[in-house]
Structures are given as C-alpha cells and as structure tokens.
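Trainee: First, the structure itself, so that you have it in front of you.
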Amino acid sequence: MSEPIGAFDRVAGRVGIRAGYGLLALDLAALAWVIVESFLPQGPALRLVDFGFGLVLGTELVLRLRASPKPWRELAHPAGIADVVAVAAFLLAPFAPGWGFLRSLRTLRLLRSARLLAKLRRDLPVFRRNPEAPIAAADLLVFIAVMTGIVHATQHARNPDIANWADALYFTVAALTTTGFGDITLDGTGGRLLTVLIMLAGVTLFLRLAQALFRPLKVSFRCPSCGLGRHDTDAVHCKACGIQLNIPDDGD
C-alpha cells in the first residue's frame, strides 16, 4: 500500500519542505518528552504537558485532513490510524498515562513521505549514497521506541526491574538482539509473548538493515526503455535492455 501524501506535500516550493521538517521536529520533540517524562515524578503538571501535546498534534492532524482531497482514505491508511491513536494517547494521558510512546509511529510516517524523503536525499549525502539504509535504520529505531514504550507502559507499575524508560530500553535491546542477559525479565504469559514478539520482529529488522548496509551499492534511476529502477553506480548501459543511461551525479 502506497504512503498517503501529507498536507505539506501539496504545498508548493520550500514552504512545504520546511513544513515537513517542522512536523518531523514536532514528532521527535513528542517522543523526547515521553522519554524524559518517565524519569520525572508523576503528577498533574506532567499530564497537563501531555494534554498540550495532544491538542497541538490533534490540530495538526485536523488541518492535514482538511487539506487532503481524500481525507477518509488518508485517515483509513495505517499511518492515519497511527496518527489518531497517537493523538488519543496524549489527550487521554490524565486517565491512561504512559501510552504517549505511540506518537513515534508518526515519525516513521514522515520519514517515508515521498516529498520529504526526496528532499533529504538532496540535502544529506548519506541519503544520496544509500537511500535504503536510512529508511531501514528508521524502521528499526521506531520499532525499538514503540516496543520500549509498550514494555514501560505495561511493566513499570508491577515490575520493580522496569523503573523508567531506560530500563525498558535496556530490556528491549537485549531481547531483540537475542542477547538475553536475564537480569530483567517480563512477568506472566503476556510478558513472555511480548518478549517473543520483540525478538522475532527485531531480528527481521536487523537483517533488513544489514542487507541495506552491506549489499553492493546501487543507484535509483528509472531506465527510460525497460523501466529497471536500480543500476550500478558507474553504469553506462542498462543491464536489462542495453540502452545507454544518463545517470546524474549526486550534485546534479
């Protein structure tokens, strides 16, 4: 399923690109707050900040949907559903604290945005040299953030070994790398099933990242004749049909 085009993708020129970067910064700020919040004494002030984030994020979601020609289609997309869940997690923080970690799903959606990704490829050399590796790394990092949040939200009240976000992160990384130190474990059947999920999905994402990092580098360029989309970095002719290619350099 293709990624829906966000509202900022329909804004012409650099204004749209700056809006995309701004939304990405907002997502990262929300995730950073969730991490910092786990180390602070819980109280009404923290819940008020959570609610404020929810209002800002909810307003942004409404404006983006209003700018979309097909808002219901965008809302029904998995990324749109994740947005709604994330906003609800912040707005309901006074009643169900600890679930703001779901906001990290929005970060992945923005990194996958076609317009923003294209801009990152122009701005950052690492995106131009190997565009798939940063995306694979983003998938892994968001998975770690989400799983860490789930571990913290479900365990910190009943598991003395999970006192804050750092403890949950330590367990998540130990589980998904299958290191399994054993000094922190999750209680009950639900905890064991969550551990299995982290290990299975984590290994898959690690393998995908390793494949993107270590396989021979290719350049993305659509052959005008046969449509082959990936070629060697120094390719002059298409391997599939033999037509001469004119692949631009990074600076072009």
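A note on labels: chains of the structure tokens are A, B, ... as shown, every chain counts residues from 1, and ligands are counted from 1 in their shown order.
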Env of Gln244 in chain A: 10 Å cut, atoms = only C-alpha atoms, seq-sep filter 4 positions within chain, self excluded. Answer as an mmCIF file with N, CA, C and O atoms, in the first residue's frame.
Mentor:
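Below you can see out-v1.cif, which holds the result:
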```cif
data_model
loop_
_atom_site.group_PDB
_atom_site.id
_atom_site.type_symbol
_atom_site.label_atom_id
_atom_site.label_comp_id
_atom_site.auth_asym_id
_atom_site.auth_seq_id
_atom_site.Cartn_x
_atom_site.Cartn_y
_atom_site.Cartn_z
ATOM 1 N N CYS A 223 15.127 3.316 -15.909
ATOM 2 C CA CYS A 223 15.519 3.172 -17.307
ATOM 3 C C CYS A 223 14.364 3.636 -18.194
ATOM 4 O O CYS A 223 13.232 3.152 -18.045
ATOM 5 N N PRO A 224 14.620 4.537 -19.130
ATOM 6 C CA PRO A 224 13.526 5.040 -19.974
ATOM 7 C C PRO A 224 12.978 3.992 -20.931
ATOM 8 O O PRO A 224 11.885 4.176 -21.479
ATOM 9 N N SER A 225 13.698 2.897 -21.137
ATOM 10 C CA SER A 225 13.255 1.880 -22.079
ATOM 11 C C SER A 225 12.520 0.727 -21.412
ATOM 12 O O SER A 225 11.363 0.445 -21.722
ATOM 13 N N ALA A 235 27.196 2.633 -13.850
ATOM 14 C CA ALA A 235 26.584 2.038 -15.037
ATOM 15 C C ALA A 235 26.464 3.053 -16.169
ATOM 16 O O ALA A 235 26.083 4.205 -15.958
ATOM 17 N N VAL A 236 26.825 2.597 -17.381
ATOM 18 C CA VAL A 236 26.663 3.405 -18.587
ATOM 19 C C VAL A 236 25.502 2.885 -19.421
ATOM 20 O O VAL A 236 24.807 3.649 -20.085
ATOM 21 N N HIS A 237 25.297 1.562 -19.365
ATOM 22 C CA HIS A 237 24.208 0.938 -20.098
ATOM 23 C C HIS A 237 23.337 0.127 -19.137
ATOM 24 O O HIS A 237 23.818 -0.389 -18.119
ATOM 25 N N CYS A 238 22.078 0.013 -19.459
ATOM 26 C CA CYS A 238 21.146 -0.771 -18.657
ATOM 27 C C CYS A 238 21.440 -2.250 -18.827
ATOM 28 O O CYS A 238 21.583 -2.740 -19.953
ATOM 29 N N LYS A 239 21.549 -2.984 -17.707
ATOM 30 C CA LYS A 239 21.839 -4.413 -17.771
ATOM 31 C C LYS A 239 20.684 -5.201 -18.378
ATOM 32 O O LYS A 239 20.885 -6.294 -18.904
#
```
Trainee: Which residues are close to range 171-186 of chain A, i.e. within 12 Å by only C-alpha atoms, leaving aside same-chain residues fewer than 5 positions away? Reply as number ranges by chain.
Mentor: A: 140-141, 143-152, 154-156, 158-166, 191-207
Trainee: Could you go through range 194-249 of chain A and tell me which residues DSSP, when run on the backbone, assigns to strand (DSSP E or B), listing them as a ChimeraX atom specification?
Mentor: /A:218-220,230-232,237,244
Trainee: Give me a file of those residues, with N, CA and C atoms, as a PDB file, in the first residue's frame.
Mentor:
```
ATOM      1  N   LYS A 218      23.732   0.462  -5.113  1.00  0.00           N
ATOM      2  CA  LYS A 218      23.051   0.708  -6.366  1.00  0.00           C
ATOM      3  C   LYS A 218      22.539   2.145  -6.368  1.00  0.00           C
ATOM      4  N   VAL A 219      22.279   2.661  -7.554  1.00  0.00           N
ATOM      5  CA  VAL A 219      21.711   3.988  -7.684  1.00  0.00           C
ATOM      6  C   VAL A 219      20.296   3.835  -8.231  1.00  0.00           C
ATOM      7  N   SER A 220      19.383   4.626  -7.704  1.00  0.00           N
ATOM      8  CA  SER A 220      17.995   4.589  -8.163  1.00  0.00           C
ATOM      9  C   SER A 220      17.846   5.500  -9.372  1.00  0.00           C
ATOM     10  N   ARG A 230      17.094   0.122 -10.624  1.00  0.00           N
ATOM     11  CA  ARG A 230      18.337   0.147  -9.858  1.00  0.00           C
ATOM     12  C   ARG A 230      19.491  -0.294 -10.742  1.00  0.00           C
ATOM     13  N   HIS A 231      20.592   0.469 -10.669  1.00  0.00           N
ATOM     14  CA  HIS A 231      21.748   0.203 -11.513  1.00  0.00           C
ATOM     15  C   HIS A 231      23.023   0.375 -10.690  1.00  0.00           C
ATOM     16  N   ASP A 232      24.135  -0.167 -11.201  1.00  0.00           N
ATOM     17  CA  ASP A 232      25.425   0.076 -10.573  1.00  0.00           C
ATOM     18  C   ASP A 232      25.725   1.566 -10.608  1.00  0.00           C
ATOM     19  N   HIS A 237      25.297   1.562 -19.365  1.00  0.00           N
ATOM     20  CA  HIS A 237      24.208   0.938 -20.098  1.00  0.00           C
ATOM     21  C   HIS A 237      23.337   0.127 -19.137  1.00  0.00           C
ATOM     22  N   GLN A 244      21.642   3.045 -23.502  1.00  0.00           N
ATOM     23  CA  GLN A 244      22.578   3.933 -22.824  1.00  0.00           C
ATOM     24  C   GLN A 244      21.837   4.770 -21.786  1.00  0.00           C
TER      25      GLN A 244
END
```
Trainee: Suppose you want the space between CA of Tyr170 in chain A and CA of Pro134 in chain A; what is it in Å?
Mentor: 22.7 Å
Trainee: Do you know which residues are at most 7 Å from Asp50 in chain A counting only C-alpha atoms, after dropping those on the same chain fewer than 6 positions away, and could you put them as a ChimeraX atom specification?
Mentor: /A:90-91,93
Trainee: Figure out the distance between CA of Arg64 in chain A and CA of Leu26 in chain A, please, to one decimal in Å.
Mentor: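 Going from CA of Leu26 in chain A over to CA of Arg64 in chain A covers 14.4 Å.
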Trainee: Quick one: of A:Phe214, A:Phe51, A:Tyr21, A:Phe95, who's nearest to Glu132 in chain A, counting only C-alpha atoms?
Mentor: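 Ranking A:Phe214, A:Phe51, A:Tyr21, A:Phe95 by distance to Glu132 in chain A, first place goes to A:Phe214.
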Trainee: Taking the backbone alone, and naming residues the way the document does, which bits of range 4-88 of chain A are alpha helix (DSSP H) by DSSP, as an MDAnalysis selection string?
Mentor: chainID A and resid 13:37 44:67 71:76 78:88
Trainee: Output C-alpha atoms for every residue in that selection, as a compact mmCIF listing (two decimals), in the first residue's frame.
Mentor:
```
# COMPACT_ATOMS: atom_id res chain seq x y z
CA GLY A 13 8.11 25.23 -3.01
CA ARG A 14 10.30 25.28 0.04
CA VAL A 15 7.39 26.22 2.32
CA GLY A 16 6.10 22.65 2.04
CA ILE A 17 9.54 21.19 2.68
CA ARG A 18 10.02 23.38 5.76
CA ALA A 19 6.58 22.30 6.98
CA GLY A 20 7.66 18.67 6.58
CA TYR A 21 10.81 19.24 8.60
CA GLY A 22 8.77 21.13 11.19
CA LEU A 23 6.35 18.22 11.60
CA LEU A 24 9.26 15.81 11.89
CA ALA A 25 10.77 18.02 14.61
CA LEU A 26 7.41 18.04 16.40
CA ASP A 27 7.28 14.24 16.32
CA LEU A 28 10.81 13.96 17.70
CA ALA A 29 10.02 16.51 20.42
CA ALA A 30 6.95 14.49 21.46
CA LEU A 31 8.99 11.30 21.62
CA ALA A 32 11.74 13.06 23.60
CA TRP A 33 9.11 14.27 26.08
CA VAL A 34 7.80 10.74 26.57
CA ILE A 35 11.34 9.58 27.39
CA VAL A 36 12.09 12.45 29.76
CA GLU A 37 8.69 12.10 31.41
CA PRO A 44 -0.79 16.80 37.33
CA ALA A 45 1.83 19.05 35.71
CA LEU A 46 3.13 16.22 33.53
CA ARG A 47 -0.38 15.23 32.49
CA LEU A 48 -1.04 18.86 31.51
CA VAL A 49 2.01 18.85 29.21
CA ASP A 50 0.81 15.56 27.69
CA PHE A 51 -2.61 17.08 27.06
CA GLY A 52 -0.99 20.14 25.47
CA PHE A 53 0.96 17.93 23.08
CA GLY A 54 -2.30 16.17 22.25
CA LEU A 55 -4.01 19.46 21.38
CA VAL A 56 -1.14 20.54 19.12
CA LEU A 57 -0.91 17.18 17.39
CA GLY A 58 -4.67 16.90 17.06
CA THR A 59 -4.89 20.35 15.48
CA GLU A 60 -2.16 19.44 13.01
CA LEU A 61 -3.99 16.20 12.12
CA VAL A 62 -7.29 18.02 11.52
CA LEU A 63 -5.61 20.66 9.32
CA ARG A 64 -3.82 17.98 7.32
CA LEU A 65 -7.02 16.05 6.73
CA ARG A 66 -8.86 19.23 5.68
CA ALA A 67 -6.13 19.89 3.10
CA PRO A 71 -9.40 12.70 3.88
CA TRP A 72 -11.22 9.45 4.67
CA ARG A 73 -8.81 7.46 2.53
CA GLU A 74 -5.86 9.07 4.26
CA LEU A 75 -7.43 8.53 7.67
CA ALA A 76 -8.10 4.83 6.91
CA PRO A 78 -2.36 2.53 8.68
CA ALA A 79 -0.36 5.74 9.06
CA GLY A 80 -3.57 7.72 9.56
CA ILE A 81 -4.82 5.23 12.14
CA ALA A 82 -1.50 5.51 13.95
CA ASP A 83 -1.90 9.30 13.99
CA VAL A 84 -5.34 9.06 15.61
CA VAL A 85 -4.10 6.57 18.21
CA ALA A 86 -1.11 8.77 18.99
CA VAL A 87 -3.20 11.90 19.47
CA ALA A 88 -5.66 10.00 21.64
```
Trainee: Between CA of Leu245 in chain A and CA of Leu213 in chain A, measure the distance and give it in Å to one decimal.
Mentor: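 Taking CA of Leu245 in chain A as the start and CA of Leu213 in chain A as the end point, the length is 25.2 Å.
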Trainee: For a quick check of understanding, using only C-alpha atoms, which of A:Leu169, A:Ala137, A:Leu40, A:Leu92 has the smallest distance to Leu209 in chain A?
Mentor: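 Checking each candidate against Leu209 in chain A, we get A:Ala137 as the closest.
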